[in-house]
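Step one of this worksheet: look at the structure below.
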Amino acid sequence: MNDSFDYDYIVIGSGFGGSVSALRLSEKGYRVLVLEKGKSLKAPDFPKTNWNLRRWMWLPILRFYGLFKLTFFRHVTILSGVGVGGGSLVYANTLPVPKKEFFIADSWAQLADWEQELREHYQTALRMLGAAPNPRLETGDLALQQLARELGREDQFEPTEVAVFFGDPDKKVPDPYFNGEGPARSGCTFCGGCMTGCRYDGKNTLDKNYLYLAQKRGARIQPESEVYDVCPLQEESGKDGYRVFWKRSTAIFQKKESLTCRGVVFAGGVLGTVPLLLKLKKTSLPRLSDRLGHQIRTNSESLIGITSFDKEKAFCEGVAIGSI
């Protein structure tokens, strides 16, 4: 550690990658700062419905500072989360471990035996995120089960493993996951609002595990701070540290500041990290790989809308994705 730096490490982004980095670095005793361009949102801040666009959408040009962002490309529209906790604020809680085909994909199979190398880390993540089987099948799940039966594949139908606390929804209890070191929790109400922000503290978002524990170990989280530049302090290699430039993402007059650190973790997700690195490769970080921006892919999920003429059935109840 070097006290001449403002921090030992600055982590850009507070989603899954950033939160894990913040905790593990702080556990080693490093001084860690997490810069997040979104807001720090608690259960009462989330909208009751996604029709409340100002509280749901992230669209700064309209002064909308919610948790949900839409990014449009020619062939795909990407849904992502913005705020302390990143994508965990808006994802549907599901935690499937990939099948073998994923680990032997041509794009990376030659680098390592990924199935073996990542196995223990999947188990750690499932434990940290409080993975549990969905205990309640609702109307939508039963419809999917019927479809699986008609296709002769009912043996492959199963409840999802989800990052949700299934305790008593009407009772606040001490932390059930980390020997009392985490925050007090309330149970899931099965309201179906997982992707608009959990208003009942039942969803195991990252601010309730990795980030919470990182803060207890000294990490600092600074929301509403968007990084726009990273420069080596002296040598181009960065061995002397970096200066990270950031601006207020929610201010009309965007205040710009900078901080120094020993190292930087870029964890703003594909939509945040890749554009920033492409910009920096042309300016302050020319040694970045020429492969930057290649082999970008989605998480292979697609959303399909289904309607029903039966107005008595409530397909929105239950956790967001209750079966698979």
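Please note that chains go A, B, ... in the order of the structure tokens, that every chain numbers its residues from 1, and that ligands are numbered from 1 in the order shown.
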
All residues 8 Å or closer to Thr205 of chain A, only C-alpha atoms, same chain fewer than 3 positions away omitted, as an MDAnalysis selection string: chainID A and resid 85 88:89 129 163 208:209

Exercise: Gln222 of chain A partners within 12 Å, only C-alpha atoms, chain neighbours under 2 positions left out, as number ranges by chain: A: 10-14, 32-40, 83-85, 211, 215, 219-220, 224-227, 246-249

If you keep N, CA and C atoms, can you produce a file of those selected residues as a PDB file, in the first residue's frame?
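Full text of part.pdb as output:
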ATOM      1  N   ILE A  10      -9.212   1.954  -7.330  1.00  0.00           N
ATOM      2  CA  ILE A  10     -10.502   2.548  -7.676  1.00  0.00           C
ATOM      3  C   ILE A  10     -11.226   1.568  -8.584  1.00  0.00           C
ATOM      4  N   VAL A  11     -12.434   1.216  -8.207  1.00  0.00           N
ATOM      5  CA  VAL A  11     -13.269   0.288  -8.972  1.00  0.00           C
ATOM      6  C   VAL A  11     -14.331   1.107  -9.694  1.00  0.00           C
ATOM      7  N   ILE A  12     -14.402   0.950 -11.006  1.00  0.00           N
ATOM      8  CA  ILE A  12     -15.382   1.680 -11.809  1.00  0.00           C
ATOM      9  C   ILE A  12     -16.582   0.771 -12.030  1.00  0.00           C
ATOM     10  N   GLY A  13     -17.695   1.082 -11.380  1.00  0.00           N
ATOM     11  CA  GLY A  13     -18.898   0.269 -11.485  1.00  0.00           C
ATOM     12  C   GLY A  13     -19.127  -0.553 -10.233  1.00  0.00           C
ATOM     13  N   SER A  14     -20.403  -0.725  -9.878  1.00  0.00           N
ATOM     14  CA  SER A  14     -20.738  -1.441  -8.636  1.00  0.00           C
ATOM     15  C   SER A  14     -21.650  -2.630  -8.883  1.00  0.00           C
ATOM     16  N   VAL A  32     -10.100   1.099  -0.847  1.00  0.00           N
ATOM     17  CA  VAL A  32     -10.868   0.913  -2.081  1.00  0.00           C
ATOM     18  C   VAL A  32     -11.947   1.980  -2.205  1.00  0.00           C
ATOM     19  N   LEU A  33     -12.063   2.534  -3.409  1.00  0.00           N
ATOM     20  CA  LEU A  33     -13.159   3.444  -3.741  1.00  0.00           C
ATOM     21  C   LEU A  33     -13.920   2.864  -4.920  1.00  0.00           C
ATOM     22  N   VAL A  34     -15.235   2.791  -4.803  1.00  0.00           N
ATOM     23  CA  VAL A  34     -16.096   2.347  -5.903  1.00  0.00           C
ATOM     24  C   VAL A  34     -16.813   3.570  -6.457  1.00  0.00           C
ATOM     25  N   LEU A  35     -16.633   3.842  -7.750  1.00  0.00           N
ATOM     26  CA  LEU A  35     -17.314   4.948  -8.415  1.00  0.00           C
ATOM     27  C   LEU A  35     -18.467   4.390  -9.240  1.00  0.00           C
ATOM     28  N   GLU A  36     -19.673   4.840  -8.975  1.00  0.00           N
ATOM     29  CA  GLU A  36     -20.886   4.362  -9.641  1.00  0.00           C
ATOM     30  C   GLU A  36     -21.640   5.561 -10.216  1.00  0.00           C
ATOM     31  N   LYS A  37     -21.969   5.501 -11.512  1.00  0.00           N
ATOM     32  CA  LYS A  37     -22.632   6.659 -12.119  1.00  0.00           C
ATOM     33  C   LYS A  37     -24.104   6.770 -11.725  1.00  0.00           C
ATOM     34  N   GLY A  38     -24.725   5.655 -11.307  1.00  0.00           N
ATOM     35  CA  GLY A  38     -26.119   5.691 -10.888  1.00  0.00           C
ATOM     36  C   GLY A  38     -26.274   6.122  -9.444  1.00  0.00           C
ATOM     37  N   LYS A  39     -27.501   6.125  -8.990  1.00  0.00           N
ATOM     38  CA  LYS A  39     -27.807   6.586  -7.641  1.00  0.00           C
ATOM     39  C   LYS A  39     -27.770   5.431  -6.639  1.00  0.00           C
ATOM     40  N   SER A  40     -27.702   5.765  -5.384  1.00  0.00           N
ATOM     41  CA  SER A  40     -27.826   4.773  -4.319  1.00  0.00           C
ATOM     42  C   SER A  40     -29.299   4.707  -3.941  1.00  0.00           C
ATOM     43  N   GLY A  83     -27.057   2.055 -11.004  1.00  0.00           N
ATOM     44  CA  GLY A  83     -27.234   2.367  -9.589  1.00  0.00           C
ATOM     45  C   GLY A  83     -26.293   1.520  -8.759  1.00  0.00           C
ATOM     46  N   VAL A  84     -26.204   1.806  -7.482  1.00  0.00           N
ATOM     47  CA  VAL A  84     -25.354   1.017  -6.590  1.00  0.00           C
ATOM     48  C   VAL A  84     -25.930  -0.398  -6.502  1.00  0.00           C
ATOM     49  N   GLY A  85     -25.194  -1.350  -7.059  1.00  0.00           N
ATOM     50  CA  GLY A  85     -25.691  -2.714  -7.201  1.00  0.00           C
ATOM     51  C   GLY A  85     -25.787  -3.128  -8.653  1.00  0.00           C
ATOM     52  N   LEU A 211     -21.280  -5.672  -1.584  1.00  0.00           N
ATOM     53  CA  LEU A 211     -21.001  -4.257  -1.323  1.00  0.00           C
ATOM     54  C   LEU A 211     -21.152  -3.908   0.150  1.00  0.00           C
ATOM     55  N   GLN A 215     -18.059  -2.437   2.420  1.00  0.00           N
ATOM     56  CA  GLN A 215     -18.111  -1.192   3.188  1.00  0.00           C
ATOM     57  C   GLN A 215     -17.729  -1.420   4.647  1.00  0.00           C
ATOM     58  N   ALA A 219     -14.202  -0.162   2.466  1.00  0.00           N
ATOM     59  CA  ALA A 219     -14.401   0.340   1.106  1.00  0.00           C
ATOM     60  C   ALA A 219     -15.404   1.493   1.120  1.00  0.00           C
ATOM     61  N   ARG A 220     -15.194   2.442   0.237  1.00  0.00           N
ATOM     62  CA  ARG A 220     -16.097   3.582   0.112  1.00  0.00           C
ATOM     63  C   ARG A 220     -16.812   3.495  -1.226  1.00  0.00           C
ATOM     64  N   GLU A 224     -23.422   8.417  -8.247  1.00  0.00           N
ATOM     65  CA  GLU A 224     -23.609   9.603  -9.090  1.00  0.00           C
ATOM     66  C   GLU A 224     -22.278  10.171  -9.574  1.00  0.00           C
ATOM     67  N   SER A 225     -21.337   9.286  -9.871  1.00  0.00           N
ATOM     68  CA  SER A 225     -19.986   9.677 -10.281  1.00  0.00           C
ATOM     69  C   SER A 225     -19.590   8.878 -11.518  1.00  0.00           C
ATOM     70  N   GLU A 226     -19.504   9.547 -12.653  1.00  0.00           N
ATOM     71  CA  GLU A 226     -19.217   8.878 -13.926  1.00  0.00           C
ATOM     72  C   GLU A 226     -17.775   9.130 -14.350  1.00  0.00           C
ATOM     73  N   VAL A 227     -17.025   8.064 -14.554  1.00  0.00           N
ATOM     74  CA  VAL A 227     -15.628   8.166 -14.973  1.00  0.00           C
ATOM     75  C   VAL A 227     -15.567   8.458 -16.470  1.00  0.00           C
ATOM     76  N   TRP A 246     -13.473  11.954 -12.952  1.00  0.00           N
ATOM     77  CA  TRP A 246     -14.903  11.658 -12.885  1.00  0.00           C
ATOM     78  C   TRP A 246     -15.712  12.943 -12.785  1.00  0.00           C
ATOM     79  N   LYS A 247     -16.998  12.833 -13.133  1.00  0.00           N
ATOM     80  CA  LYS A 247     -17.906  13.984 -13.078  1.00  0.00           C
ATOM     81  C   LYS A 247     -19.228  13.553 -12.460  1.00  0.00           C
ATOM     82  N   ARG A 248     -19.962  14.495 -11.923  1.00  0.00           N
ATOM     83  CA  ARG A 248     -21.270  14.215 -11.338  1.00  0.00           C
ATOM     84  C   ARG A 248     -22.257  13.883 -12.453  1.00  0.00           C
ATOM     85  N   SER A 249     -22.841  12.702 -12.398  1.00  0.00           N
ATOM     86  CA  SER A 249     -23.715  12.235 -13.481  1.00  0.00           C
ATOM     87  C   SER A 249     -25.127  12.781 -13.381  1.00  0.00           C
TER      88      SER A 249
END

Backbone-only DSSP, helix (DSSP H, G or I) members of segment 132-313 of chain A, as a VMD selection string: chain A and resid 139 to 150 154 to 156 206 to 208 210 to 216 269 to 281

Shell of 7 Å around segment 186-201 of chain A, only C-alpha atoms, local chain residues under 4 positions omitted, as a PyMOL selection string: chain A and resi 43-44+46-47+50+56+89-92+164-173+316-320

Non-local contacts of segment 26-30 of chain A (12 Å; only C-alpha atoms; under 2 positions in same chain excluded) as a PyMOL selection string: chain A and resi 1-3+5-11+19-24+32-34+210-220+261-263

Write the residues of the selection above to a file with N, CA and C atoms, as a compact mmCIF listing (two decimals), in the first residue's frame.
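File written: selection-v4.txt
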# COMPACT_ATOMS: atom_id res chain seq x y z
N MET A 1 0.83 -1.19 0.00
CA MET A 1 0.00 0.00 0.00
C MET A 1 0.87 1.25 0.00
N ASN A 2 0.42 2.29 -0.69
CA ASN A 2 1.17 3.52 -0.83
C ASN A 2 0.28 4.68 -0.43
N ASP A 3 0.63 5.36 0.67
CA ASP A 3 -0.21 6.45 1.18
C ASP A 3 -0.13 7.69 0.31
N PHE A 5 -1.03 7.77 -2.69
CA PHE A 5 -2.24 7.71 -3.52
C PHE A 5 -3.46 8.06 -2.67
N ASP A 6 -4.49 8.58 -3.33
CA ASP A 6 -5.76 8.81 -2.62
C ASP A 6 -6.37 7.48 -2.18
N TYR A 7 -6.25 6.47 -3.06
CA TYR A 7 -6.74 5.12 -2.77
C TYR A 7 -5.76 4.13 -3.37
N ASP A 8 -5.78 2.91 -2.85
CA ASP A 8 -4.97 1.86 -3.46
C ASP A 8 -5.61 1.42 -4.78
N TYR A 9 -6.93 1.19 -4.74
CA TYR A 9 -7.64 0.77 -5.95
C TYR A 9 -8.94 1.56 -6.10
N ILE A 10 -9.21 1.95 -7.33
CA ILE A 10 -10.50 2.55 -7.68
C ILE A 10 -11.23 1.57 -8.58
N VAL A 11 -12.43 1.22 -8.21
CA VAL A 11 -13.27 0.29 -8.97
C VAL A 11 -14.33 1.11 -9.69
N SER A 19 -18.55 -5.25 -7.48
CA SER A 19 -18.82 -5.54 -6.07
C SER A 19 -17.91 -6.65 -5.54
N VAL A 20 -17.68 -7.67 -6.35
CA VAL A 20 -16.77 -8.75 -5.94
C VAL A 20 -15.35 -8.18 -5.77
N SER A 21 -14.92 -7.36 -6.72
CA SER A 21 -13.59 -6.76 -6.63
C SER A 21 -13.45 -5.91 -5.38
N ALA A 22 -14.48 -5.12 -5.09
CA ALA A 22 -14.43 -4.24 -3.92
C ALA A 22 -14.29 -5.04 -2.62
N LEU A 23 -15.05 -6.12 -2.51
CA LEU A 23 -14.97 -6.92 -1.29
C LEU A 23 -13.63 -7.62 -1.16
N ARG A 24 -13.19 -8.29 -2.22
CA ARG A 24 -11.96 -9.07 -2.11
C ARG A 24 -10.74 -8.17 -1.89
N VAL A 32 -10.10 1.10 -0.85
CA VAL A 32 -10.87 0.91 -2.08
C VAL A 32 -11.95 1.98 -2.21
N LEU A 33 -12.06 2.53 -3.41
CA LEU A 33 -13.16 3.44 -3.74
C LEU A 33 -13.92 2.86 -4.92
N VAL A 34 -15.24 2.79 -4.80
CA VAL A 34 -16.10 2.35 -5.90
C VAL A 34 -16.81 3.57 -6.46
N TYR A 210 -22.13 -8.44 -1.19
CA TYR A 210 -20.76 -8.05 -1.51
C TYR A 210 -20.45 -6.60 -1.13
N LEU A 211 -21.28 -5.67 -1.58
CA LEU A 211 -21.00 -4.26 -1.32
C LEU A 211 -21.15 -3.91 0.15
N TYR A 212 -22.14 -4.49 0.78
CA TYR A 212 -22.38 -4.23 2.21
C TYR A 212 -21.16 -4.66 3.03
N LEU A 213 -20.67 -5.85 2.73
CA LEU A 213 -19.52 -6.38 3.47
C LEU A 213 -18.24 -5.62 3.13
N ALA A 214 -18.11 -5.18 1.87
CA ALA A 214 -16.94 -4.38 1.48
C ALA A 214 -16.90 -3.08 2.26
N GLN A 215 -18.06 -2.44 2.42
CA GLN A 215 -18.11 -1.19 3.19
C GLN A 215 -17.73 -1.42 4.65
N LYS A 216 -18.14 -2.54 5.20
CA LYS A 216 -17.79 -2.84 6.59
C LYS A 216 -16.28 -3.04 6.75
N ARG A 217 -15.61 -3.34 5.64
CA ARG A 217 -14.16 -3.54 5.68
C ARG A 217 -13.41 -2.30 5.20
N GLY A 218 -14.13 -1.20 5.07
CA GLY A 218 -13.46 0.07 4.78
C GLY A 218 -13.63 0.62 3.38
N ALA A 219 -14.20 -0.16 2.47
CA ALA A 219 -14.40 0.34 1.11
C ALA A 219 -15.40 1.49 1.12
N ARG A 220 -15.19 2.44 0.24
CA ARG A 220 -16.10 3.58 0.11
C ARG A 220 -16.81 3.49 -1.23
N CYS A 261 -4.63 6.60 -7.75
CA CYS A 261 -4.68 5.25 -7.18
C CYS A 261 -3.56 4.40 -7.75
N ARG A 262 -3.32 3.31 -7.07
CA ARG A 262 -2.30 2.35 -7.51
C ARG A 262 -2.78 1.56 -8.72
N GLY A 263 -4.06 1.17 -8.72
CA GLY A 263 -4.61 0.38 -9.81
C GLY A 263 -6.08 0.67 -10.01

Selection near Glu161 of chain A, 6 Å with only C-alpha atoms, sequence-local residues under 6 positions removed, as a list in words: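 Once the adjacent positions are removed, what remains is Thr94, Leu95, Ala131, Ala132 and Pro133 of chain A.
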
Can you list, as a compact mmCIF listing (two decimals) with C-alpha atoms, in the first residue's frame, every protein, DNA or RNA residue that comes within 8 Å of segment 68-70 of chain A when you count only C-alpha atoms, leaving out same-chain residues fewer than 4 positions away?
# COMPACT_ATOMS: atom_id res chain seq x y z
CA TRP A 56 -37.68 3.63 -13.18
CA MET A 57 -35.69 4.71 -16.25
CA TRP A 58 -32.14 5.99 -16.47
CA LEU A 59 -32.40 8.77 -19.06
CA THR A 77 -31.88 -3.86 -27.54
CA ILE A 78 -30.02 -4.29 -24.26
CA LEU A 79 -31.61 -3.96 -20.82
CA SER A 80 -29.22 -3.05 -18.02
CA GLY A 81 -29.15 -1.69 -14.48
CA VAL A 82 -27.79 1.64 -13.27
CA VAL A 90 -33.02 -5.13 -12.38
CA THR A 196 -38.55 -2.74 -11.36

Residues near Arg55 of chain A, cut-off 8 Å, only C-alpha atoms, skip fewer than 5 positions along chain, as a PyMOL selection string: chain A and resi 45-47+64-67

Store the residues of this selection in a file with C-alpha atoms, as a compact mmCIF listing (two decimals), in the first residue's frame.
# COMPACT_ATOMS: atom_id res chain seq x y z
CA ASP A 45 -37.05 4.70 -3.80
CA PHE A 46 -38.20 2.09 -6.32
CA PRO A 47 -41.36 2.74 -8.36
CA PHE A 64 -34.78 10.57 -15.27
CA TYR A 65 -32.42 8.96 -12.75
CA GLY A 66 -33.97 5.55 -12.17
CA LEU A 67 -32.39 2.10 -12.20

DSSP strand (DSSP E or B) residues within segment 50-287 of chain A, listed as a PyMOL selection string: chain A and resi 57-59+64-65+68-72+77-81+94+131-133+159+161-164+173+185+203+220-222+225-232+242-248+256-266

Between atom CA of Ser323 of chain A and atom CA of Leu142 of chain A, distance in Å (one decimal):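 Spanning atom CA of Ser323 of chain A to atom CA of Leu142 of chain A is a straight-line distance of 8.9 Å.
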
One-decimal distance in Å that lies between atom CA of Leu276 of chain A and atom CA of Ile252 of chain A: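 Taking atom CA of Ile252 of chain A and atom CA of Leu276 of chain A, their separation equals 21.9 Å.
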
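Rounded to one decimal, atom CA of Asn93 of chain A and atom CA of Asn204 of chain A lie 8.0 Å from each other.
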
With a cut-off of 12 Å, could you pull out the residues of segment 124-187 of chain A touching segment 302-311 of chain A and give me the nearest pair of atoms for each, distance in Å to one decimal, using only C-alpha atoms, ordered by chain and ascending number, as JSON lines?
{"residue": "A:Thr139", "atom": "CA", "partner": "A:Asp310", "partner_atom": "CA", "distance": 11.6}
{"residue": "A:Gly140", "atom": "CA", "partner": "A:Ile306", "partner_atom": "CA", "distance": 10.2}
{"residue": "A:Ala143", "atom": "CA", "partner": "A:Ser308", "partner_atom": "CA", "distance": 11.1}
{"residue": "A:Leu144", "atom": "CA", "partner": "A:Ile306", "partner_atom": "CA", "distance": 11.7}

Preceding selection exported with C-alpha atoms as a compact mmCIF listing (two decimals), in the first residue's frame:
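Below you can see again_9.txt, which holds the result:
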# COMPACT_ATOMS: atom_id res chain seq x y z
CA THR A 139 -49.82 -19.22 -13.01
CA GLY A 140 -47.02 -18.50 -15.46
CA ALA A 143 -48.38 -22.75 -17.98
CA LEU A 144 -44.71 -23.43 -18.74
